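Text of data37.cif (mmCIF, C-alpha atoms, pLDDT in the B column; chains and numbers go by the auth columns) as supplied:
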```cif
data_input
loop_
_atom_site.group_PDB
_atom_site.id
_atom_site.type_symbol
_atom_site.label_atom_id
_atom_site.label_comp_id
_atom_site.label_asym_id
_atom_site.label_seq_id
_atom_site.Cartn_x
_atom_site.Cartn_y
_atom_site.Cartn_z
_atom_site.B_iso_or_equiv
_atom_site.auth_seq_id
_atom_site.auth_asym_id
ATOM 1 C CA MET A 1 65.142 19.596 5.487 49.00 1 A
ATOM 2 C CA LYS A 2 62.426 22.196 5.351 57.00 2 A
ATOM 3 C CA LYS A 3 59.147 21.010 6.833 63.00 3 A
ATOM 4 C CA VAL A 4 56.234 21.072 4.400 63.00 4 A
ATOM 5 C CA SER A 5 53.123 22.698 5.825 83.00 5 A
ATOM 6 C CA ILE A 6 49.968 20.625 5.416 88.00 6 A
ATOM 7 C CA LEU A 7 47.987 23.851 5.171 87.00 7 A
ATOM 8 C CA ASN A 8 50.121 25.020 2.232 89.00 8 A
ATOM 9 C CA LEU A 9 49.584 21.687 0.495 91.00 9 A
ATOM 10 C CA VAL A 10 45.827 21.999 0.953 92.00 10 A
ATOM 11 C CA PHE A 11 45.827 25.552 -0.365 93.00 11 A
ATOM 12 C CA THR A 12 48.009 24.552 -3.334 93.00 12 A
ATOM 13 C CA PHE A 13 45.670 21.703 -4.191 94.00 13 A
ATOM 14 C CA ALA A 14 42.681 24.041 -3.953 96.00 14 A
ATOM 15 C CA GLY A 15 44.427 26.526 -6.257 95.00 15 A
ATOM 16 C CA ALA A 16 45.205 23.778 -8.755 96.00 16 A
ATOM 17 C CA LEU A 17 41.530 22.768 -8.811 96.00 17 A
ATOM 18 C CA VAL A 18 40.480 26.361 -9.473 97.00 18 A
ATOM 19 C CA LEU A 19 42.999 26.735 -12.317 95.00 19 A
ATOM 20 C CA LEU A 20 41.870 23.428 -13.796 95.00 20 A
ATOM 21 C CA PHE A 21 38.255 24.568 -13.600 95.00 21 A
ATOM 22 C CA ILE A 22 39.144 27.698 -15.588 93.00 22 A
ATOM 23 C CA ILE A 23 41.549 26.195 -18.103 93.00 23 A
ATOM 24 C CA ALA A 24 40.001 22.782 -18.861 95.00 24 A
ATOM 25 C CA PRO A 25 36.827 23.945 -20.696 92.00 25 A
ATOM 26 C CA LEU A 26 38.739 26.513 -22.760 91.00 26 A
ATOM 27 C CA LEU A 27 41.572 24.143 -23.588 92.00 27 A
ATOM 28 C CA GLY A 28 39.121 21.384 -24.506 92.00 28 A
ATOM 29 C CA MET A 29 37.275 23.713 -26.891 93.00 29 A
ATOM 30 C CA ILE A 30 40.519 24.833 -28.528 91.00 30 A
ATOM 31 C CA LEU A 31 41.825 21.278 -28.962 91.00 31 A
ATOM 32 C CA LYS A 32 38.556 20.214 -30.616 92.00 32 A
ATOM 33 C CA THR A 33 38.904 22.935 -33.253 93.00 33 A
ATOM 34 C CA SER A 34 41.242 22.117 -36.138 92.00 34 A
ATOM 35 C CA PRO A 35 43.576 24.814 -37.535 92.00 35 A
ATOM 36 C CA GLN A 36 41.904 24.467 -40.952 95.00 36 A
ATOM 37 C CA THR A 37 38.473 25.151 -39.475 94.00 37 A
ATOM 38 C CA LEU A 38 39.809 28.104 -37.517 94.00 38 A
ATOM 39 C CA ILE A 39 41.462 29.617 -40.593 94.00 39 A
ATOM 40 C CA GLY A 40 38.299 29.123 -42.641 95.00 40 A
ATOM 41 C CA THR A 41 36.220 30.830 -39.966 94.00 41 A
ATOM 42 C CA ALA A 42 38.685 33.727 -39.757 95.00 42 A
ATOM 43 C CA GLN A 43 38.323 34.279 -43.517 96.00 43 A
ATOM 44 C CA GLU A 44 34.551 34.734 -43.360 96.00 44 A
ATOM 45 C CA LYS A 45 33.592 38.357 -43.993 96.00 45 A
ATOM 46 C CA GLU A 46 30.671 38.110 -41.563 96.00 46 A
ATOM 47 C CA VAL A 47 32.957 36.943 -38.770 96.00 47 A
ATOM 48 C CA GLN A 48 35.557 39.614 -39.503 96.00 48 A
ATOM 49 C CA SER A 49 32.937 42.379 -39.482 97.00 49 A
ATOM 50 C CA SER A 50 31.443 41.075 -36.247 96.00 50 A
ATOM 51 C CA ILE A 51 34.775 40.916 -34.421 96.00 51 A
ATOM 52 C CA TRP A 52 35.793 44.376 -35.636 97.00 52 A
ATOM 53 C CA LEU A 53 32.413 45.787 -34.569 97.00 53 A
ATOM 54 C CA THR A 54 32.825 44.232 -31.118 97.00 54 A
ATOM 55 C CA ILE A 55 36.303 45.673 -30.659 96.00 55 A
ATOM 56 C CA TRP A 56 35.671 49.236 -31.778 97.00 56 A
ATOM 57 C CA THR A 57 32.317 49.671 -30.031 97.00 57 A
ATOM 58 C CA SER A 58 33.821 48.479 -26.746 97.00 58 A
ATOM 59 C CA LEU A 59 36.830 50.761 -27.206 96.00 59 A
ATOM 60 C CA THR A 60 34.602 53.718 -28.043 97.00 60 A
ATOM 61 C CA GLY A 61 32.313 53.149 -25.074 96.00 61 A
ATOM 62 C CA THR A 62 35.296 52.754 -22.754 97.00 62 A
ATOM 63 C CA PHE A 63 36.940 55.961 -23.969 97.00 63 A
ATOM 64 C CA ILE A 64 33.828 58.159 -23.907 97.00 64 A
ATOM 65 C CA PHE A 65 32.537 57.069 -20.509 97.00 65 A
ATOM 66 C CA SER A 66 36.010 57.108 -18.942 97.00 66 A
ATOM 67 C CA LEU A 67 36.062 60.887 -19.399 97.00 67 A
ATOM 68 C CA ALA A 68 33.419 61.098 -16.672 97.00 68 A
ATOM 69 C CA ALA A 69 34.200 57.892 -14.749 97.00 69 A
ATOM 70 C CA VAL A 70 37.796 58.764 -13.823 97.00 70 A
ATOM 71 C CA PRO A 71 37.010 62.201 -12.278 96.00 71 A
ATOM 72 C CA PHE A 72 34.043 60.599 -10.518 97.00 72 A
ATOM 73 C CA ALA A 73 36.350 57.935 -9.090 97.00 73 A
ATOM 74 C CA TYR A 74 38.628 60.673 -7.757 96.00 74 A
ATOM 75 C CA LEU A 75 35.661 62.345 -6.084 95.00 75 A
ATOM 76 C CA LEU A 76 34.668 59.060 -4.443 96.00 76 A
ATOM 77 C CA ALA A 77 38.225 58.499 -3.203 95.00 77 A
ATOM 78 C CA ARG A 78 38.760 61.960 -1.767 93.00 78 A
ATOM 79 C CA LYS A 79 35.424 63.403 -0.676 91.00 79 A
ATOM 80 C CA ASN A 80 32.895 62.437 1.965 91.00 80 A
ATOM 81 C CA PHE A 81 29.330 63.441 1.253 89.00 81 A
ATOM 82 C CA PRO A 82 25.825 62.439 2.350 91.00 82 A
ATOM 83 C CA MET A 83 24.645 59.031 1.147 91.00 83 A
ATOM 84 C CA LYS A 84 28.084 58.108 -0.199 92.00 84 A
ATOM 85 C CA ARG A 85 27.530 54.428 0.610 92.00 85 A
ATOM 86 C CA LEU A 86 24.315 54.494 -1.385 95.00 86 A
ATOM 87 C CA VAL A 87 26.173 56.000 -4.337 95.00 87 A
ATOM 88 C CA THR A 88 28.863 53.316 -4.214 93.00 88 A
ATOM 89 C CA GLY A 89 26.131 50.680 -4.065 93.00 89 A
ATOM 90 C CA ILE A 90 24.415 52.145 -7.131 95.00 90 A
ATOM 91 C CA ILE A 91 27.713 51.993 -9.034 95.00 91 A
ATOM 92 C CA ASP A 92 27.819 48.218 -8.536 94.00 92 A
ATOM 93 C CA LEU A 93 24.219 47.666 -9.697 94.00 93 A
ATOM 94 C CA PRO A 94 25.133 46.838 -13.333 94.00 94 A
ATOM 95 C CA VAL A 95 27.280 43.975 -12.039 91.00 95 A
ATOM 96 C CA VAL A 96 24.572 42.614 -9.747 91.00 96 A
ATOM 97 C CA ILE A 97 21.416 42.771 -11.869 93.00 97 A
ATOM 98 C CA PRO A 98 20.771 40.236 -14.662 93.00 98 A
ATOM 99 C CA HIS A 99 22.132 41.658 -17.881 90.00 99 A
ATOM 100 C CA SER A 100 18.940 40.857 -19.755 93.00 100 A
ATOM 101 C CA ALA A 101 17.189 43.118 -17.234 95.00 101 A
ATOM 102 C CA ALA A 102 19.875 45.733 -17.855 94.00 102 A
ATOM 103 C CA GLY A 103 19.081 45.521 -21.554 95.00 103 A
ATOM 104 C CA ILE A 104 15.378 46.059 -20.890 95.00 104 A
ATOM 105 C CA ALA A 105 16.170 49.087 -18.724 94.00 105 A
ATOM 106 C CA LEU A 106 18.477 50.518 -21.386 95.00 106 A
ATOM 107 C CA LEU A 107 15.885 49.902 -24.078 93.00 107 A
ATOM 108 C CA GLY A 108 13.546 52.339 -22.361 91.00 108 A
ATOM 109 C CA PHE A 109 16.423 54.757 -21.805 92.00 109 A
ATOM 110 C CA VAL A 110 17.489 54.966 -25.476 92.00 110 A
ATOM 111 C CA SER A 111 14.164 54.344 -27.243 89.00 111 A
ATOM 112 C CA ARG A 112 12.800 56.997 -29.583 85.00 112 A
ATOM 113 C CA ASP A 113 10.282 58.321 -27.061 87.00 113 A
ATOM 114 C CA SER A 114 12.939 58.858 -24.354 89.00 114 A
ATOM 115 C CA VAL A 115 14.833 62.111 -23.867 88.00 115 A
ATOM 116 C CA LEU A 116 18.080 60.569 -25.129 89.00 116 A
ATOM 117 C CA GLY A 117 16.261 58.922 -28.021 88.00 117 A
ATOM 118 C CA GLN A 118 14.678 62.205 -29.053 90.00 118 A
ATOM 119 C CA LEU A 119 18.039 63.955 -28.930 89.00 119 A
ATOM 120 C CA GLY A 120 19.467 61.218 -31.123 88.00 120 A
ATOM 121 C CA SER A 121 16.557 61.443 -33.546 86.00 121 A
ATOM 122 C CA ALA A 122 17.172 65.187 -33.864 88.00 122 A
ATOM 123 C CA ILE A 123 20.554 64.429 -35.436 87.00 123 A
ATOM 124 C CA GLY A 124 19.335 61.366 -37.341 86.00 124 A
ATOM 125 C CA LEU A 125 20.594 58.770 -34.858 87.00 125 A
ATOM 126 C CA ASN A 126 18.503 55.833 -33.644 89.00 126 A
ATOM 127 C CA PHE A 127 20.274 53.968 -30.838 93.00 127 A
ATOM 128 C CA ILE A 128 18.211 50.799 -31.315 93.00 128 A
ATOM 129 C CA GLY A 129 19.976 48.516 -33.763 93.00 129 A
ATOM 130 C CA HIS A 130 22.923 50.906 -34.032 93.00 130 A
ATOM 131 C CA PRO A 131 26.594 50.665 -32.935 95.00 131 A
ATOM 132 C CA ALA A 132 25.995 53.652 -30.636 94.00 132 A
ATOM 133 C CA GLY A 133 23.394 51.623 -28.746 95.00 133 A
ATOM 134 C CA ILE A 134 25.808 48.690 -28.562 96.00 134 A
ATOM 135 C CA ALA A 135 28.533 50.926 -27.088 97.00 135 A
ATOM 136 C CA ILE A 136 26.092 52.246 -24.467 96.00 136 A
ATOM 137 C CA ALA A 137 25.034 48.720 -23.482 96.00 137 A
ATOM 138 C CA MET A 138 28.667 47.593 -23.224 97.00 138 A
ATOM 139 C CA ALA A 139 29.622 50.613 -21.134 97.00 139 A
ATOM 140 C CA PHE A 140 26.644 50.212 -18.818 97.00 140 A
ATOM 141 C CA VAL A 141 27.626 46.720 -17.666 96.00 141 A
ATOM 142 C CA SER A 142 31.376 47.374 -17.558 96.00 142 A
ATOM 143 C CA ILE A 143 31.807 50.882 -16.117 97.00 143 A
ATOM 144 C CA PRO A 144 31.787 49.692 -12.457 97.00 144 A
ATOM 145 C CA TYR A 145 35.117 47.942 -13.102 96.00 145 A
ATOM 146 C CA LEU A 146 36.753 51.203 -14.143 97.00 146 A
ATOM 147 C CA ILE A 147 35.232 53.333 -11.374 97.00 147 A
ATOM 148 C CA ASN A 148 36.089 50.906 -8.571 96.00 148 A
ATOM 149 C CA THR A 149 39.639 50.255 -9.792 96.00 149 A
ATOM 150 C CA ALA A 150 40.373 53.952 -10.390 97.00 150 A
ATOM 151 C CA ARG A 151 38.895 54.846 -7.001 97.00 151 A
ATOM 152 C CA ASP A 152 41.266 52.393 -5.293 96.00 152 A
ATOM 153 C CA GLY A 153 44.145 53.935 -7.238 96.00 153 A
ATOM 154 C CA PHE A 154 43.301 57.472 -6.169 96.00 154 A
ATOM 155 C CA ALA A 155 42.762 56.313 -2.577 95.00 155 A
ATOM 156 C CA GLY A 156 46.319 54.978 -2.594 95.00 156 A
ATOM 157 C CA VAL A 157 47.792 58.384 -3.487 95.00 157 A
ATOM 158 C CA PRO A 158 49.109 60.061 -0.285 94.00 158 A
ATOM 159 C CA GLU A 159 46.960 63.087 0.461 93.00 159 A
ATOM 160 C CA ARG A 160 49.955 64.868 1.970 93.00 160 A
ATOM 161 C CA LEU A 161 51.456 65.226 -1.512 94.00 161 A
ATOM 162 C CA GLU A 162 48.304 66.887 -2.828 93.00 162 A
ATOM 163 C CA LYS A 163 48.049 69.167 0.209 91.00 163 A
ATOM 164 C CA ALA A 164 51.715 70.139 -0.073 93.00 164 A
ATOM 165 C CA ALA A 165 51.245 71.112 -3.712 93.00 165 A
ATOM 166 C CA LEU A 166 48.149 73.147 -2.858 91.00 166 A
ATOM 167 C CA THR A 167 50.071 74.889 -0.079 91.00 167 A
ATOM 168 C CA LEU A 168 52.798 75.811 -2.572 91.00 168 A
ATOM 169 C CA GLY A 169 50.215 77.519 -4.761 91.00 169 A
ATOM 170 C CA ALA A 170 49.256 74.849 -7.281 92.00 170 A
ATOM 171 C CA SER A 171 45.653 74.888 -8.456 93.00 171 A
ATOM 172 C CA PRO A 172 43.391 71.866 -7.747 92.00 172 A
ATOM 173 C CA SER A 173 43.333 71.007 -11.450 93.00 173 A
ATOM 174 C CA ARG A 174 47.127 71.108 -11.653 94.00 174 A
ATOM 175 C CA VAL A 175 47.409 68.907 -8.574 94.00 175 A
ATOM 176 C CA PHE A 176 45.010 66.416 -10.139 95.00 176 A
ATOM 177 C CA PHE A 177 46.781 66.224 -13.499 94.00 177 A
ATOM 178 C CA THR A 178 50.382 66.347 -12.246 94.00 178 A
ATOM 179 C CA ILE A 179 50.182 64.375 -8.993 95.00 179 A
ATOM 180 C CA SER A 180 46.964 62.401 -8.450 95.00 180 A
ATOM 181 C CA LEU A 181 46.446 61.144 -12.002 95.00 181 A
ATOM 182 C CA PRO A 182 50.052 60.026 -12.655 94.00 182 A
ATOM 183 C CA LEU A 183 50.310 58.229 -9.301 94.00 183 A
ATOM 184 C CA ALA A 184 46.995 56.443 -9.804 95.00 184 A
ATOM 185 C CA TRP A 185 47.668 55.746 -13.470 93.00 185 A
ATOM 186 C CA ARG A 186 48.464 52.048 -13.032 92.00 186 A
ATOM 187 C CA ASN A 187 45.058 51.365 -11.470 94.00 187 A
ATOM 188 C CA ILE A 188 43.295 53.541 -14.026 95.00 188 A
ATOM 189 C CA VAL A 189 44.872 51.644 -16.918 93.00 189 A
ATOM 190 C CA SER A 190 43.911 48.340 -15.297 93.00 190 A
ATOM 191 C CA GLY A 191 40.356 49.629 -14.943 95.00 191 A
ATOM 192 C CA LEU A 192 40.265 50.728 -18.586 95.00 192 A
ATOM 193 C CA ILE A 193 41.470 47.325 -19.738 93.00 193 A
ATOM 194 C CA LEU A 194 38.932 45.527 -17.544 93.00 194 A
ATOM 195 C CA MET A 195 36.115 47.774 -18.772 96.00 195 A
ATOM 196 C CA PHE A 196 37.104 47.197 -22.395 96.00 196 A
ATOM 197 C CA ALA A 197 37.401 43.440 -21.940 93.00 197 A
ATOM 198 C CA ARG A 198 34.097 43.192 -20.083 94.00 198 A
ATOM 199 C CA GLY A 199 32.381 45.259 -22.756 95.00 199 A
ATOM 200 C CA MET A 200 33.651 42.977 -25.511 95.00 200 A
ATOM 201 C CA SER A 201 32.200 39.929 -23.786 94.00 201 A
ATOM 202 C CA GLU A 202 28.738 41.402 -23.126 95.00 202 A
ATOM 203 C CA PHE A 203 25.751 39.537 -24.565 95.00 203 A
ATOM 204 C CA GLY A 204 22.541 39.944 -22.543 94.00 204 A
ATOM 205 C CA ALA A 205 22.218 43.720 -22.630 95.00 205 A
ATOM 206 C CA VAL A 206 23.446 44.086 -26.205 96.00 206 A
ATOM 207 C CA ILE A 207 21.138 41.530 -27.783 95.00 207 A
ATOM 208 C CA ILE A 208 18.097 43.475 -26.536 95.00 208 A
ATOM 209 C CA ILE A 209 19.405 46.820 -27.776 95.00 209 A
ATOM 210 C CA ALA A 210 20.814 45.600 -31.088 92.00 210 A
ATOM 211 C CA TYR A 211 20.491 42.062 -32.443 92.00 211 A
ATOM 212 C CA HIS A 212 21.819 43.568 -35.660 91.00 212 A
ATOM 213 C CA PRO A 213 24.478 44.694 -36.408 94.00 213 A
ATOM 214 C CA MET A 214 25.749 41.546 -34.768 95.00 214 A
ATOM 215 C CA ILE A 215 28.625 41.587 -32.302 96.00 215 A
ATOM 216 C CA THR A 216 30.579 38.359 -31.866 97.00 216 A
ATOM 217 C CA PRO A 217 28.943 37.103 -28.631 96.00 217 A
ATOM 218 C CA VAL A 218 25.553 37.431 -30.351 96.00 218 A
ATOM 219 C CA MET A 219 26.891 35.697 -33.468 96.00 219 A
ATOM 220 C CA ILE A 220 28.142 32.781 -31.359 96.00 220 A
ATOM 221 C CA TYR A 221 24.706 32.458 -29.787 95.00 221 A
ATOM 222 C CA GLU A 222 22.965 32.615 -33.169 95.00 222 A
ATOM 223 C CA ARG A 223 25.213 29.992 -34.754 95.00 223 A
ATOM 224 C CA PHE A 224 24.812 27.680 -31.792 95.00 224 A
ATOM 225 C CA GLY A 225 21.020 28.000 -31.913 93.00 225 A
ATOM 226 C CA ALA A 226 20.765 27.622 -35.686 93.00 226 A
ATOM 227 C CA PHE A 227 23.545 25.149 -36.510 91.00 227 A
ATOM 228 C CA GLY A 228 24.769 23.644 -33.254 93.00 228 A
ATOM 229 C CA LEU A 229 28.059 23.368 -31.412 90.00 229 A
ATOM 230 C CA LYS A 230 30.102 22.461 -34.496 90.00 230 A
ATOM 231 C CA TYR A 231 29.536 25.865 -36.110 91.00 231 A
ATOM 232 C CA ALA A 232 29.585 27.951 -32.940 94.00 232 A
ATOM 233 C CA ARG A 233 32.836 26.542 -31.550 95.00 233 A
ATOM 234 C CA PRO A 234 35.279 27.938 -34.201 95.00 234 A
ATOM 235 C CA VAL A 235 33.922 31.486 -33.802 96.00 235 A
ATOM 236 C CA SER A 236 34.201 31.114 -30.027 95.00 236 A
ATOM 237 C CA VAL A 237 37.812 29.950 -30.230 96.00 237 A
ATOM 238 C CA LEU A 238 38.752 32.701 -32.672 96.00 238 A
ATOM 239 C CA PHE A 239 37.135 35.380 -30.523 96.00 239 A
ATOM 240 C CA ILE A 240 38.804 34.072 -27.351 93.00 240 A
ATOM 241 C CA LEU A 241 42.221 34.092 -29.021 93.00 241 A
ATOM 242 C CA ILE A 242 41.757 37.637 -30.340 94.00 242 A
ATOM 243 C CA SER A 243 40.439 38.866 -26.989 91.00 243 A
ATOM 244 C CA LEU A 244 43.373 37.260 -25.179 90.00 244 A
ATOM 245 C CA THR A 245 45.836 38.794 -27.643 91.00 245 A
ATOM 246 C CA LEU A 246 44.349 42.265 -27.170 90.00 246 A
ATOM 247 C CA PHE A 247 44.339 41.859 -23.392 87.00 247 A
ATOM 248 C CA ILE A 248 48.013 40.855 -23.351 88.00 248 A
ATOM 249 C CA LEU A 249 48.896 43.665 -25.796 88.00 249 A
ATOM 250 C CA PHE A 250 47.219 46.346 -23.688 85.00 250 A
ATOM 251 C CA ARG A 251 48.835 44.994 -20.532 82.00 251 A
ATOM 252 C CA TRP A 252 52.236 45.029 -22.239 83.00 252 A
ATOM 253 C CA LEU A 253 51.768 48.576 -23.538 78.00 253 A
ATOM 254 C CA ALA A 254 50.701 49.739 -20.077 74.00 254 A
ATOM 255 C CA LYS A 255 53.713 48.074 -18.461 74.00 255 A
ATOM 256 C CA ASP A 256 56.049 49.510 -21.103 60.00 256 A
ATOM 257 C CA HIS A 257 54.643 52.987 -20.411 57.00 257 A
ATOM 258 C CA GLU A 258 55.213 52.511 -16.677 60.00 258 A
ATOM 259 C CA ASP A 259 58.801 51.343 -17.230 60.00 259 A
ATOM 260 C CA LYS A 260 59.573 54.434 -19.321 60.00 260 A
ATOM 261 C CA ASP A 261 58.204 56.699 -16.596 58.00 261 A
ATOM 262 C CA LYS A 262 60.538 55.220 -13.997 57.00 262 A
#
```

Once you've parsed the file, please lay out its structure as structure tokens.
Amino acid sequence: MKKVSILNLVFTFAGALVLLFIIAPLLGMILKTSPQTLIGTAQEKEVQSSIWLTIWTSLTGTFIFSLAAVPFAYLLARKNFPMKRLVTGIIDLPVVIPHSAAGIALLGFVSRDSVLGQLGSAIGLNFIGHPAGIAIAMAFVSIPYLINTARDGFAGVPERLEKAALTLGASPSRVFFTISLPLAWRNIVSGLILMFARGMSEFGAVIIIAYHPMITPVMIYERFGAFGLKYARPVSVLFILISLTLFILFRWLAKDHEDKDK
């Protein structure tokens, strides 16, 4: 009979406690929400608009900022330069600082008297109270997840493959797009999904930039403050279920893409 390790039992018990800590509050909230209430909440035009706004602004911010974040991650993985540790520390700042403080910082960055605000005003765009401002706030707090995950992916690509391709006459851009990017793609996709998911859940930075139009985390806060837990809970449950569905869908699509490439 195989001897059971006491250490494994302790670790298993600790893991069970952690899982219970994560699952119990969410499961309790879901069980306290009746299907009829959930369906009624899902039929509200205000809720539908809020959820759709949350999804597409997070997607837009993720896509636009990834165009710069992914090449930057490659640079961090492959190049050594002065003050590199400082740069990597700066990347993690949005995760460390309070998100209300991040919102205050962004407010000065996108206000009408800032350089970016003036550029926006020139084309009739005011970031304050606008979906563009929401997308910027979401991207600001979530972009470290993409950069760090993509950097780890690029770091895992054997440099000898890149050097061999360069020796055979391939250009650096061709090496990046045909070797480095495909081999790091799994990490990049994971980073994109994490950035998107984190952007959808943002509250502190967004509420300072744009209370209206109202994304779902702000709506949940408003309903809880104005009407209490009874009215905030169904929106919370609905948003969690939709977020979980999107997360699983993106993971499945990414895995399906990987399987086809094999």

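Minimum atom-to-atom distances from A:Ala105, A:Ala69, A:Ala184, A:Ile123 to Ala139 in chain A were compared using only C-alpha atoms, and the lowest value belongs to A:Ala69.
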
When you count only C-alpha atoms, which of these residues is closest to Leu181 in chain A: A:Phe227, A:Ile22, A:Tyr74, A:Val110?
A:Tyr74

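Note that the spacing between CA of Val175 in chain A and CA of Leu76 in chain A amounts to 16.6 Å.
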
Leaving out Phe127 in chain A and any residue of its chain fewer than 4 positions from it, which residues lie within 8 Å of it when counting all atoms listed in the file, given as number ranges by chain?
A: 110-111, 117, 120, 131-134, 209

Please evaluate the PyMOL selection byres ((chain A and resi 154) around 12) against the displayed coordinates and give the resulting residues as an MDAnalysis selection string.
chainID A and resid 70:79 147:153 155:159 162 176:177 179:188

Name every residue that the PyMOL selection byres ((chain A and resi 231) around 12) selects in this structure, writing the answer as a list in words with chains first and numbers rising.
Lys32, Thr33, Thr37, Leu38, Gly40, Thr41, Val47, Met219, Ile220, Tyr221, Glu222, Arg223, Phe224, Gly225, Ala226, Phe227, Gly228, Leu229, Lys230, Ala232, Arg233, Pro234, Val235, Ser236, Val237 and Leu238 of chain A

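Picture a line from CA of Ser243 in chain A to CA of Pro217 in chain A; it runs 11.7 Å.
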
Could you tell me which residues the PyMOL selection byres ((chain A and resi 244-248) around 12) returns for this structure, as a PyMOL selection string?
chain A and resi 26+55+59+189-190+192-198+200-201+237-243+249-255

Write out as a ChimeraX atom specification each polymer residue whose atoms come within 7 Å of Gly61 in chain A, counting only C-alpha atoms; drop sequence neighbours fewer than 6 positions from it.
/A:135-136,138-139

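CA of Pro144 in chain A sits 11.3 Å away from CA of Thr62 in chain A.
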
Nearest residue to Phe140 in chain A from the set A:Asn80, A:Asn8, A:Thr216, A:Ser58 (distances using all atoms listed in the file):
A:Ser58

Mind listing as a VMD selection string all residues within 8 Å of (20.5, 46.0, -21.1), counting only C-alpha atoms?
chain A and resid 99 to 107 137 140 to 141 204 to 206 208 to 209

Completed range 144-159 of chain A (N, CA and C atoms) as a PDB file, in the coordinates of the input:
```pdb
ATOM      1  N   PRO A 144      31.404  49.856 -13.864  1.00 97.00           N
ATOM      2  CA  PRO A 144      31.787  49.692 -12.457  1.00 97.00           C
ATOM      3  C   PRO A 144      33.235  49.231 -12.272  1.00 97.00           C
ATOM      4  N   TYR A 145      33.744  48.431 -13.210  1.00 96.00           N
ATOM      5  CA  TYR A 145      35.117  47.942 -13.102  1.00 96.00           C
ATOM      6  C   TYR A 145      36.116  49.100 -13.157  1.00 96.00           C
ATOM      7  N   LEU A 146      35.867  50.056 -14.036  1.00 97.00           N
ATOM      8  CA  LEU A 146      36.753  51.203 -14.143  1.00 97.00           C
ATOM      9  C   LEU A 146      36.637  52.106 -12.917  1.00 97.00           C
ATOM     10  N   ILE A 147      35.425  52.417 -12.504  1.00 97.00           N
ATOM     11  CA  ILE A 147      35.232  53.333 -11.374  1.00 97.00           C
ATOM     12  C   ILE A 147      35.854  52.763 -10.102  1.00 97.00           C
ATOM     13  N   ASN A 148      35.580  51.511  -9.815  1.00 96.00           N
ATOM     14  CA  ASN A 148      36.089  50.906  -8.571  1.00 96.00           C
ATOM     15  C   ASN A 148      37.614  50.783  -8.577  1.00 96.00           C
ATOM     16  N   THR A 149      38.183  50.403  -9.716  1.00 96.00           N
ATOM     17  CA  THR A 149      39.639  50.255  -9.792  1.00 96.00           C
ATOM     18  C   THR A 149      40.333  51.608  -9.717  1.00 96.00           C
ATOM     19  N   ALA A 150      39.789  52.607 -10.430  1.00 97.00           N
ATOM     20  CA  ALA A 150      40.373  53.952 -10.390  1.00 97.00           C
ATOM     21  C   ALA A 150      40.234  54.565  -9.000  1.00 97.00           C
ATOM     22  N   ARG A 151      39.099  54.324  -8.359  1.00 97.00           N
ATOM     23  CA  ARG A 151      38.895  54.846  -7.001  1.00 97.00           C
ATOM     24  C   ARG A 151      39.946  54.291  -6.050  1.00 97.00           C
ATOM     25  N   ASP A 152      40.234  52.996  -6.148  1.00 96.00           N
ATOM     26  CA  ASP A 152      41.266  52.393  -5.293  1.00 96.00           C
ATOM     27  C   ASP A 152      42.633  53.002  -5.588  1.00 96.00           C
ATOM     28  N   GLY A 153      42.875  53.312  -6.876  1.00 96.00           N
ATOM     29  CA  GLY A 153      44.145  53.935  -7.238  1.00 96.00           C
ATOM     30  C   GLY A 153      44.299  55.318  -6.638  1.00 96.00           C
ATOM     31  N   PHE A 154      43.252  56.125  -6.750  1.00 96.00           N
ATOM     32  CA  PHE A 154      43.301  57.472  -6.169  1.00 96.00           C
ATOM     33  C   PHE A 154      43.392  57.417  -4.639  1.00 96.00           C
ATOM     34  N   ALA A 155      42.715  56.449  -4.036  1.00 95.00           N
ATOM     35  CA  ALA A 155      42.762  56.313  -2.577  1.00 95.00           C
ATOM     36  C   ALA A 155      44.165  55.973  -2.095  1.00 95.00           C
ATOM     37  N   GLY A 156      44.953  55.337  -2.959  1.00 95.00           N
ATOM     38  CA  GLY A 156      46.319  54.978  -2.594  1.00 95.00           C
ATOM     39  C   GLY A 156      47.319  56.109  -2.755  1.00 95.00           C
ATOM     40  N   VAL A 157      46.899  57.222  -3.343  1.00 95.00           N
ATOM     41  CA  VAL A 157      47.792  58.384  -3.487  1.00 95.00           C
ATOM     42  C   VAL A 157      47.841  59.135  -2.162  1.00 95.00           C
ATOM     43  N   PRO A 158      49.017  59.350  -1.578  1.00 94.00           N
ATOM     44  CA  PRO A 158      49.109  60.061  -0.285  1.00 94.00           C
ATOM     45  C   PRO A 158      48.526  61.472  -0.387  1.00 94.00           C
ATOM     46  N   GLU A 159      47.586  61.765   0.481  1.00 93.00           N
ATOM     47  CA  GLU A 159      46.960  63.087   0.461  1.00 93.00           C
ATOM     48  C   GLU A 159      47.950  64.190   0.815  1.00 93.00           C
TER      49      GLU A 159
END
```
